[in-house]
>>> print(open('start-v8.cif').read())   # mmCIF, C-alpha atoms
data_target
loop_
_atom_site.group_PDB
_atom_site.id
_atom_site.type_symbol
_atom_site.label_atom_id
_atom_site.label_comp_id
_atom_site.auth_asym_id
_atom_site.auth_seq_id
_atom_site.Cartn_x
_atom_site.Cartn_y
_atom_site.Cartn_z
ATOM 1 C CA SER A 1 -13.654 -71.002 73.698
ATOM 2 C CA CYS A 2 -13.937 -71.023 69.854
ATOM 3 C CA CYS A 3 -10.932 -70.541 67.621
ATOM 4 C CA HIS A 4 -10.706 -68.984 64.152
ATOM 5 C CA MET A 5 -8.222 -69.673 61.301
ATOM 6 C CA VAL A 6 -7.478 -66.919 58.749
ATOM 7 C CA ALA A 7 -5.760 -68.075 55.533
ATOM 8 C CA ILE A 8 -3.457 -65.687 53.615
ATOM 9 C CA PRO A 9 -2.399 -66.476 50.027
ATOM 10 C CA ALA A 10 1.052 -67.999 49.785
ATOM 11 C CA TRP A 11 3.902 -65.690 48.688
ATOM 12 C CA GLY A 12 6.562 -66.237 46.096
ATOM 13 C CA CYS A 13 10.239 -66.814 46.647
ATOM 14 C CA GLY A 14 10.944 -63.115 46.696
ATOM 15 C CA ASP A 15 8.416 -62.594 49.442
ATOM 16 C CA GLU A 16 10.115 -65.254 51.597
ATOM 17 C CA ALA A 17 13.424 -63.528 51.146
ATOM 18 C CA GLU A 18 11.924 -60.224 52.264
ATOM 19 C CA VAL A 19 10.466 -61.926 55.319
ATOM 20 C CA ARG A 20 13.886 -63.325 56.219
ATOM 21 C CA ARG A 21 15.441 -59.852 55.781
ATOM 22 C CA GLY A 22 12.739 -58.427 58.025
ATOM 23 C CA THR A 23 11.415 -56.080 55.354
ATOM 24 C CA ARG A 24 8.069 -57.793 54.924
ATOM 25 C CA PRO A 25 5.892 -59.381 57.641
ATOM 26 C CA ARG A 26 5.247 -63.108 57.592
ATOM 27 C CA LEU A 27 1.531 -63.446 56.774
ATOM 28 C CA ASP A 28 1.060 -66.727 54.911
ATOM 29 C CA VAL A 29 -0.918 -68.347 57.731
ATOM 30 C CA LEU A 30 -2.282 -66.959 60.964
ATOM 31 C CA HIS A 31 -2.277 -69.475 63.757
ATOM 32 C CA ALA A 32 -5.438 -70.268 65.484
ATOM 33 C CA TRP A 33 -6.876 -67.360 67.318
ATOM 34 C CA ASP A 34 -6.139 -68.238 70.839
ATOM 35 C CA PRO A 35 -6.557 -65.551 73.470
ATOM 36 C CA GLY A 36 -4.540 -67.663 75.770
ATOM 37 C CA ALA A 37 -1.614 -67.970 73.302
ATOM 38 C CA MET A 38 -1.593 -64.278 72.051
ATOM 39 C CA ASN A 39 -1.874 -61.278 74.235
ATOM 40 C CA GLU A 40 -3.221 -57.931 73.156
ATOM 41 C CA GLU A 41 0.155 -56.651 72.029
ATOM 42 C CA ASP A 42 0.694 -59.656 69.796
ATOM 43 C CA VAL A 43 -2.705 -59.118 68.238
ATOM 44 C CA LYS A 44 -1.983 -55.437 67.548
ATOM 45 C CA ARG A 45 1.418 -56.286 66.102
ATOM 46 C CA GLN A 46 -0.095 -58.961 63.890
ATOM 47 C CA ILE A 47 -2.779 -56.560 62.598
ATOM 48 C CA GLN A 48 -0.189 -53.851 62.037
ATOM 49 C CA GLN A 49 1.903 -56.235 59.968
ATOM 50 C CA MET A 50 -1.139 -57.114 57.878
ATOM 51 C CA VAL A 51 -1.925 -53.407 57.322
ATOM 52 C CA MET A 52 1.702 -52.703 56.332
ATOM 53 C CA PHE A 53 1.654 -55.594 53.886
ATOM 54 C CA ILE A 54 -1.582 -54.458 52.231
ATOM 55 C CA ARG A 55 -0.385 -50.836 52.077
ATOM 56 C CA GLN A 56 2.952 -51.825 50.561
ATOM 57 C CA GLU A 57 1.225 -54.027 47.987
ATOM 58 C CA ALA A 58 -1.128 -51.139 47.102
ATOM 59 C CA GLU A 59 1.714 -48.640 46.812
ATOM 60 C CA GLU A 60 3.727 -50.967 44.595
ATOM 61 C CA LYS A 61 0.716 -51.605 42.365
ATOM 62 C CA ALA A 62 -0.061 -47.899 42.214
ATOM 63 C CA SER A 63 3.572 -47.201 41.311
ATOM 64 C CA GLU A 64 3.450 -49.772 38.531
ATOM 65 C CA ILE A 65 0.233 -48.273 37.175
ATOM 66 C CA ARG A 66 1.693 -44.760 37.406
ATOM 67 C CA VAL A 67 4.908 -45.738 35.598
ATOM 68 C CA SER A 68 2.991 -47.636 32.901
ATOM 69 C CA ALA A 69 0.559 -44.753 32.424
ATOM 70 C CA GLU A 70 3.427 -42.264 32.190
ATOM 71 C CA GLU A 71 5.206 -44.407 29.603
ATOM 72 C CA ASP A 72 2.003 -44.734 27.558
ATOM 73 C CA PHE A 73 1.436 -40.992 27.859
ATOM 74 C CA ASN A 74 4.970 -40.185 26.719
ATOM 75 C CA ILE A 75 4.680 -42.553 23.736
ATOM 76 C CA GLU A 76 1.315 -41.114 22.710
ATOM 77 C CA LYS A 77 2.622 -37.571 23.186
ATOM 78 C CA LEU A 78 5.639 -38.278 20.965
ATOM 79 C CA GLN A 79 3.380 -39.796 18.322
ATOM 80 C CA MET A 80 1.073 -36.784 18.416
ATOM 81 C CA VAL A 81 4.009 -34.354 18.255
ATOM 82 C CA GLU A 82 5.530 -36.217 15.300
ATOM 83 C CA ALA A 83 2.182 -36.351 13.500
ATOM 84 C CA GLU A 84 1.725 -32.618 14.016
ATOM 85 C CA LYS A 85 5.249 -31.986 12.750
ATOM 86 C CA GLN A 86 4.475 -33.996 9.627
ATOM 87 C CA ARG A 87 1.222 -32.100 9.106
ATOM 88 C CA ILE A 88 2.921 -28.722 9.546
ATOM 89 C CA ARG A 89 5.771 -29.765 7.217
ATOM 90 C CA LYS A 90 3.342 -30.890 4.508
ATOM 91 C CA GLU A 91 1.272 -27.723 4.900
ATOM 92 C CA TYR A 92 4.424 -25.611 4.592
ATOM 93 C CA GLU A 93 5.543 -27.523 1.500
ATOM 94 C CA ARG A 94 2.072 -27.101 -0.028
ATOM 95 C CA LYS A 95 2.032 -23.359 0.631
ATOM 96 C CA GLU A 96 5.612 -23.017 -0.592
ATOM 97 C CA SER A 97 4.639 -24.817 -3.787
ATOM 98 C CA GLN A 98 1.632 -22.520 -4.192
ATOM 99 C CA VAL A 99 3.862 -19.471 -3.742
ATOM 100 C CA GLU A 100 6.284 -20.748 -6.377
ATOM 101 C CA VAL A 101 3.451 -21.467 -8.804
ATOM 102 C CA GLN A 102 1.989 -18.002 -8.178
ATOM 103 C CA LYS A 103 5.388 -16.431 -8.781
ATOM 104 C CA MET A 104 5.732 -18.318 -12.061
ATOM 105 C CA ILE A 105 2.225 -17.254 -13.118
ATOM 106 C CA GLU A 106 2.900 -13.600 -12.256
ATOM 107 C CA LYS A 107 6.253 -13.683 -14.044
ATOM 108 C CA SER A 108 4.637 -15.235 -17.113
ATOM 109 C CA MET A 109 1.860 -12.635 -17.042
ATOM 110 C CA GLN A 110 4.417 -9.834 -16.773
ATOM 111 C CA ARG A 111 6.390 -11.248 -19.706
ATOM 112 C CA ASN A 112 3.220 -11.573 -21.780
ATOM 113 C CA GLU A 113 2.148 -8.055 -20.856
ATOM 114 C CA ALA A 114 5.552 -6.674 -21.801
ATOM 115 C CA ARG A 115 5.490 -8.660 -25.053
ATOM 116 C CA LEU A 116 2.028 -7.345 -25.875
ATOM 117 C CA LYS A 117 3.156 -3.789 -25.190
ATOM 118 C CA VAL A 118 6.130 -4.248 -27.503
ATOM 119 C CA LEU A 119 3.922 -5.743 -30.214
ATOM 120 C CA GLU A 120 1.414 -2.942 -29.773
ATOM 121 C CA ALA A 121 4.151 -0.330 -30.074
ATOM 122 C CA ARG A 122 5.521 -2.045 -33.167
ATOM 123 C CA GLN A 123 2.064 -2.260 -34.715
ATOM 124 C CA LYS A 124 1.524 1.433 -34.091
ATOM 125 C CA LEU A 125 4.792 2.229 -35.845
ATOM 126 C CA VAL A 126 3.827 0.031 -38.797
ATOM 127 C CA GLN A 127 0.407 1.678 -38.995
ATOM 128 C CA ARG A 128 2.067 5.061 -38.844
ATOM 129 C CA ALA A 129 4.300 4.055 -41.747
ATOM 130 C CA LEU A 130 1.252 2.884 -43.712
ATOM 131 C CA LYS A 131 -0.476 6.176 -42.990
ATOM 132 C CA GLU A 132 2.523 7.981 -44.444
ATOM 133 C CA VAL A 133 2.277 5.823 -47.570
ATOM 134 C CA GLU A 134 -1.437 6.628 -47.849
ATOM 135 C CA LYS A 135 -0.627 10.335 -47.661
ATOM 136 C CA LYS A 136 1.908 9.916 -50.454
ATOM 137 C CA LEU A 137 -0.653 8.045 -52.574
ATOM 138 C CA LYS A 138 -3.221 10.760 -51.915
ATOM 139 C CA GLU A 139 -0.720 13.348 -53.129
ATOM 140 C CA LEU A 140 0.054 11.167 -56.156
ATOM 141 C CA VAL A 141 -3.626 10.858 -57.087
ATOM 142 C CA GLU A 142 -3.973 14.632 -56.941
ATOM 143 C CA GLY A 143 -1.009 15.034 -59.313
ATOM 144 C CA PRO A 144 -0.577 14.699 -63.088
ATOM 145 C CA LYS A 145 0.685 11.073 -62.988
ATOM 146 C CA TYR A 146 -2.639 9.694 -61.815
ATOM 147 C CA LYS A 147 -4.044 9.405 -65.372
ATOM 148 C CA THR A 148 -1.141 7.185 -66.416
ATOM 149 C CA ILE A 149 -1.636 5.034 -63.310
ATOM 150 C CA LEU A 150 -5.355 4.686 -64.024
ATOM 151 C CA LYS A 151 -4.680 3.624 -67.619
ATOM 152 C CA GLN A 152 -2.251 0.916 -66.471
ATOM 153 C CA LEU A 153 -4.582 -0.313 -63.731
ATOM 154 C CA ILE A 154 -7.450 -0.680 -66.234
ATOM 155 C CA ALA A 155 -5.313 -2.666 -68.682
ATOM 156 C CA GLN A 156 -3.932 -4.980 -65.974
ATOM 157 C CA GLY A 157 -7.371 -5.646 -64.482
ATOM 158 C CA ALA A 158 -8.878 -6.408 -67.878
ATOM 159 C CA HIS A 159 -6.131 -8.907 -68.611
ATOM 160 C CA ARG A 160 -6.771 -10.716 -65.310
ATOM 161 C CA ILE A 161 -10.477 -11.027 -66.070
ATOM 162 C CA GLY A 162 -9.823 -12.243 -69.640
ATOM 163 C CA THR A 163 -13.224 -11.368 -71.123
ATOM 164 C CA LYS A 164 -14.092 -9.459 -74.296
ATOM 165 C CA GLU A 165 -16.149 -6.872 -72.452
ATOM 166 C CA CYS A 166 -15.388 -5.261 -69.084
ATOM 167 C CA VAL A 167 -17.289 -2.884 -66.851
ATOM 168 C CA ILE A 168 -15.171 -0.350 -64.969
ATOM 169 C CA ARG A 169 -16.169 0.833 -61.507
ATOM 170 C CA CYS A 170 -14.395 3.888 -60.167
ATOM 171 C CA ARG A 171 -14.839 6.729 -57.733
ATOM 172 C CA GLN A 172 -17.433 9.261 -58.785
ATOM 173 C CA VAL A 173 -14.745 11.978 -58.846
ATOM 174 C CA ASP A 174 -12.753 9.853 -61.350
ATOM 175 C CA ARG A 175 -15.670 9.062 -63.693
ATOM 176 C CA ASP A 176 -14.902 11.689 -66.331
ATOM 177 C CA VAL A 177 -11.192 10.959 -66.242
ATOM 178 C CA VAL A 178 -11.803 7.219 -66.700
ATOM 179 C CA LYS A 179 -14.197 7.842 -69.602
ATOM 180 C CA GLY A 180 -11.514 9.863 -71.321
ATOM 181 C CA LEU A 181 -8.950 7.059 -70.872
ATOM 182 C CA LEU A 182 -10.882 4.148 -72.422
ATOM 183 C CA GLU A 183 -9.131 4.205 -75.802
ATOM 184 C CA GLU A 184 -5.745 4.817 -74.201
ATOM 185 C CA ALA A 185 -6.400 1.846 -71.914
ATOM 186 C CA ARG A 186 -7.104 -0.362 -74.975
ATOM 187 C CA GLU A 187 -3.842 0.773 -76.568
ATOM 188 C CA GLU A 188 -1.996 0.109 -73.304
ATOM 189 C CA TYR A 189 -3.521 -3.373 -73.231
ATOM 190 C CA LYS A 190 -2.287 -4.111 -76.774
ATOM 191 C CA ARG A 191 1.171 -2.691 -76.040
ATOM 192 C CA VAL A 192 1.672 -4.758 -72.879
ATOM 193 C CA PHE A 193 -0.019 -8.008 -73.850
ATOM 194 C CA GLY A 194 0.891 -8.179 -77.553
ATOM 195 C CA ASP A 195 -1.477 -9.439 -80.212
ATOM 196 C CA GLU A 196 -4.346 -10.152 -77.846
ATOM 197 C CA GLU A 197 -7.523 -8.372 -78.789
ATOM 198 C CA ALA A 198 -8.272 -5.568 -76.337
ATOM 199 C CA PRO A 199 -11.632 -5.795 -74.582
ATOM 200 C CA VAL A 200 -14.403 -3.250 -74.910
ATOM 201 C CA PHE A 201 -14.699 -1.026 -71.813
ATOM 202 C CA THR A 202 -17.787 0.623 -70.367
ATOM 203 C CA VAL A 203 -17.973 2.755 -67.209
ATOM 204 C CA GLU A 204 -20.387 1.875 -64.410
ATOM 205 C CA GLU A 205 -22.470 4.960 -63.627
ATOM 206 C CA LYS A 206 -24.846 3.530 -61.062
ATOM 207 C CA PHE A 207 -22.532 2.168 -58.375
ATOM 208 C CA TYR A 208 -19.298 3.915 -57.471
ATOM 209 C CA LEU A 209 -16.355 3.159 -55.256
ATOM 210 C CA PRO A 210 -16.125 5.036 -51.939
ATOM 211 C CA PRO A 211 -15.019 8.670 -52.173
ATOM 212 C CA PRO A 212 -11.467 9.848 -51.422
ATOM 213 C CA PRO A 213 -10.489 10.517 -47.798
ATOM 214 C CA VAL A 214 -11.620 13.884 -46.538
ATOM 215 C CA LYS A 215 -8.896 14.314 -43.923
ATOM 216 C CA ASP A 216 -5.381 13.032 -43.489
ATOM 217 C CA ASP A 217 -6.422 10.776 -40.572
ATOM 218 C CA PHE A 218 -7.859 8.342 -43.168
ATOM 219 C CA GLU A 219 -10.743 7.300 -40.962
ATOM 220 C CA GLY A 220 -14.053 5.863 -42.143
ATOM 221 C CA SER A 221 -14.864 4.417 -45.567
ATOM 222 C CA PHE A 222 -12.758 5.838 -48.390
ATOM 223 C CA CYS A 223 -10.906 4.854 -51.558
ATOM 224 C CA LEU A 224 -7.530 6.308 -52.485
ATOM 225 C CA GLY A 225 -8.091 5.692 -56.183
ATOM 226 C CA GLY A 226 -7.899 3.049 -58.889
ATOM 227 C CA VAL A 227 -10.607 0.867 -60.412
ATOM 228 C CA VAL A 228 -12.528 -2.390 -60.079
ATOM 229 C CA LEU A 229 -13.158 -4.329 -63.288
ATOM 230 C CA VAL A 230 -16.123 -6.691 -63.624
ATOM 231 C CA SER A 231 -17.071 -9.047 -66.439
ATOM 232 C CA LYS A 232 -20.245 -8.142 -68.289
ATOM 233 C CA ASP A 233 -22.178 -11.010 -66.681
ATOM 234 C CA GLY A 234 -20.874 -9.967 -63.235
ATOM 235 C CA LYS A 235 -19.392 -13.373 -62.426
ATOM 236 C CA VAL A 236 -15.733 -12.329 -62.457
ATOM 237 C CA SER A 237 -14.202 -9.224 -60.890
ATOM 238 C CA CYS A 238 -10.754 -7.809 -60.239
ATOM 239 C CA SER A 239 -10.127 -5.135 -57.620
ATOM 240 C CA ASN A 240 -7.260 -2.988 -58.837
ATOM 241 C CA THR A 241 -7.644 -0.047 -56.491
ATOM 242 C CA LEU A 242 -4.687 1.695 -54.903
ATOM 243 C CA ASP A 243 -5.987 0.568 -51.522
ATOM 244 C CA GLU A 244 -5.920 -3.073 -52.641
ATOM 245 C CA ARG A 245 -2.462 -2.709 -54.153
ATOM 246 C CA LEU A 246 -1.199 -1.084 -50.946
ATOM 247 C CA GLU A 247 -2.629 -3.914 -48.831
ATOM 248 C CA VAL A 248 -0.951 -6.558 -51.027
ATOM 249 C CA ALA A 249 2.336 -4.661 -50.972
ATOM 250 C CA ALA A 250 2.135 -4.260 -47.182
ATOM 251 C CA GLU A 251 1.656 -8.017 -46.716
ATOM 252 C CA MET A 252 4.582 -8.741 -49.020
ATOM 253 C CA PHE A 253 6.999 -6.196 -47.580
ATOM 254 C CA LEU A 254 5.827 -6.088 -43.963
ATOM 255 C CA PRO A 255 8.630 -8.404 -42.719
ATOM 256 C CA LYS A 256 11.209 -6.130 -44.371
ATOM 257 C CA VAL A 257 9.503 -3.055 -42.965
ATOM 258 C CA ARG A 258 9.525 -4.520 -39.459
ATOM 259 C CA LYS A 259 13.142 -5.516 -39.805
ATOM 260 C CA ALA A 260 14.053 -2.021 -40.949
ATOM 261 C CA LEU A 261 12.106 -0.445 -38.081
ATOM 262 C CA PHE A 262 13.049 -2.708 -35.173
ATOM 263 C CA PHE A 263 16.424 -4.284 -35.908
#
>>> encode(input="start-v8.cif", output="structure tokens")
Amino acid sequence: SCCHMVAIPAWGCGDEAEVRRGTRPRLDVLHAWDPGAMNEEDVKRQIQQMVMFIRQEAEEKASEIRVSAEEDFNIEKLQMVEAEKQRIRKEYERKESQVEVQKMIEKSMQRNEARLKVLEARQKLVQRALKEVEKKLKELVEGPKYKTILKQLIAQGAHRIGTKECVIRCRQVDRDVVKGLLEEAREEYKRVFGDEEAPVFTVEEKFYLPPPPVKDDFEGSFCLGGVVLVSKDGKVSCSNTLDERLEVAAEMFLPKVRKALFF
């Protein structure tokens, strides 16, 4: 009869120890297949040992793979969780920063709005005060002192121009009054400015200054009074109207007015 030899890979030292303890079957070499030397039971037992060995090896390998895969999974899961935490933390910090910036912007806008309202209220009070002054000037122009004021305004304007001949522009309602004050204006010029020769005055009768205000709201184009003096060649002029004088006085005394009104 023919005999067969089946070779099994050699085991390590640990495998030998397990064989000695009886926990692992001895499978390094199968003796020659000899029906006369091994009965059916021996054959079954030998095959069963081989099956147990292969199964145990497979289970151990599967366990190793399972443990390694679980460790890799846990590491990757921790990394993903930490990365997500970092992303959420950064997103929260970004949104928190945006909220703070928005709060600062809103607070600044509220402060600016309040400041503008205060400035607007102050400006209204100043304008109201100027309107009161305009009313007083309107009353003054309608009174007997206006002729004296006109005479002084003509003399001052002529001195600023410094020419021998001056053309006087006035409101149309003041034309006759101004014509009657020309000689008095020359005398006023001599009295105030000494030995200087007084200029010759003529009244412009083609172009006039705007008319007086019709109502007390002082809206539209108007002139409270006064004169504008122009050199004969038209190159030099001096506005000496009450409106101009009021504007200059307002610029000069506006800080004091504001201080008196608001402090």
>>> axis_aligned_box(input="start-v8.cif", around="range 237-247 of chain A", padding_each_side="4 Å", output="lines of an AutoDock Vina configuration file")
center_x = -7.7
center_y = -3.8
center_z = -54.9
size_x = 21.0
size_y = 18.9
size_z = 20.1
>>> closest_residue(input="start-v8.cif", among="A:Arg160, A:Lys135, A:Lys215, A:Arg66", to="Phe193 in chain A", atoms="only C-alpha atoms")
A:Arg160
>>> resolve_selection(input="start-v8.cif", expression="the PyMOL selection byres ((chain A and resi 174) around 12)", output="number ranges by chain")
A: 141-142, 146-147, 150-151, 168-173, 175-181, 203-205, 208-212, 223-227
>>> atom_distance(input="start-v8.cif", atom1="CA of Gln102 in chain A", atom2="CA of Glu120 in chain A")
26.3 Å
>>> atom_distance(input="start-v8.cif", atom1="CA of His159 in chain A", atom2="CA of Cys238 in chain A")
9.6 Å
>>> atom_distance(input="start-v8.cif", atom1="CA of Gln156 in chain A", atom2="CA of Val133 in chain A")
22.2 Å
>>> closest_residue(input="start-v8.cif", among="A:Ala129, A:Leu242, A:Ala69, A:Ile105", to="Gln152 in chain A", atoms="only C-alpha atoms")
A:Leu242
>>> closest_residue(input="start-v8.cif", among="A:Glu70, A:Met52, A:Ile88, A:Leu254", to="Gln123 in chain A", atoms="only C-alpha atoms")
A:Leu254
>>> closest_residue(input="start-v8.cif", among="A:Val99, A:Val167, A:Leu130, A:Ile47", to="Ala249 in chain A", atoms="all atoms listed in the file")
A:Leu130
>>> residues_near_point(input="start-v8.cif", point="(4.4, 2.0, -40.2)", cutoff="12 Å", atoms="only C-alpha atoms", output="JSON, numbers by chain")
{"A": [120, 121, 122, 123, 124, 125, 126, 127, 128, 129, 130, 131, 132, 133, 134, 250, 253, 254, 255, 256, 257, 258, 259, 260, 261, 262]}
>>> resolve_selection(input="start-v8.cif", expression="the PyMOL selection byres ((chain A and resi 194-199) around 7)", output="PDB file with C-alpha atoms, in the coordinates of the input")
ATOM      1  CA  THR A 163     -13.224 -11.368 -71.123  1.00  0.00           C
ATOM      2  CA  LYS A 164     -14.092  -9.459 -74.296  1.00  0.00           C
ATOM      3  CA  GLU A 165     -16.149  -6.872 -72.452  1.00  0.00           C
ATOM      4  CA  CYS A 166     -15.388  -5.261 -69.084  1.00  0.00           C
ATOM      5  CA  ARG A 186      -7.104  -0.362 -74.975  1.00  0.00           C
ATOM      6  CA  TYR A 189      -3.521  -3.373 -73.231  1.00  0.00           C
ATOM      7  CA  LYS A 190      -2.287  -4.111 -76.774  1.00  0.00           C
ATOM      8  CA  ARG A 191       1.171  -2.691 -76.040  1.00  0.00           C
ATOM      9  CA  VAL A 192       1.672  -4.758 -72.879  1.00  0.00           C
ATOM     10  CA  PHE A 193      -0.019  -8.008 -73.850  1.00  0.00           C
ATOM     11  CA  VAL A 200     -14.403  -3.250 -74.910  1.00  0.00           C
ATOM     12  CA  PHE A 201     -14.699  -1.026 -71.813  1.00  0.00           C
TER      13      PHE A 201
END
>>> resolve_selection(input="start-v8.cif", expression="the PyMOL selection byres ((chain A and resi 237) around 9)", output="count of residues only")
12
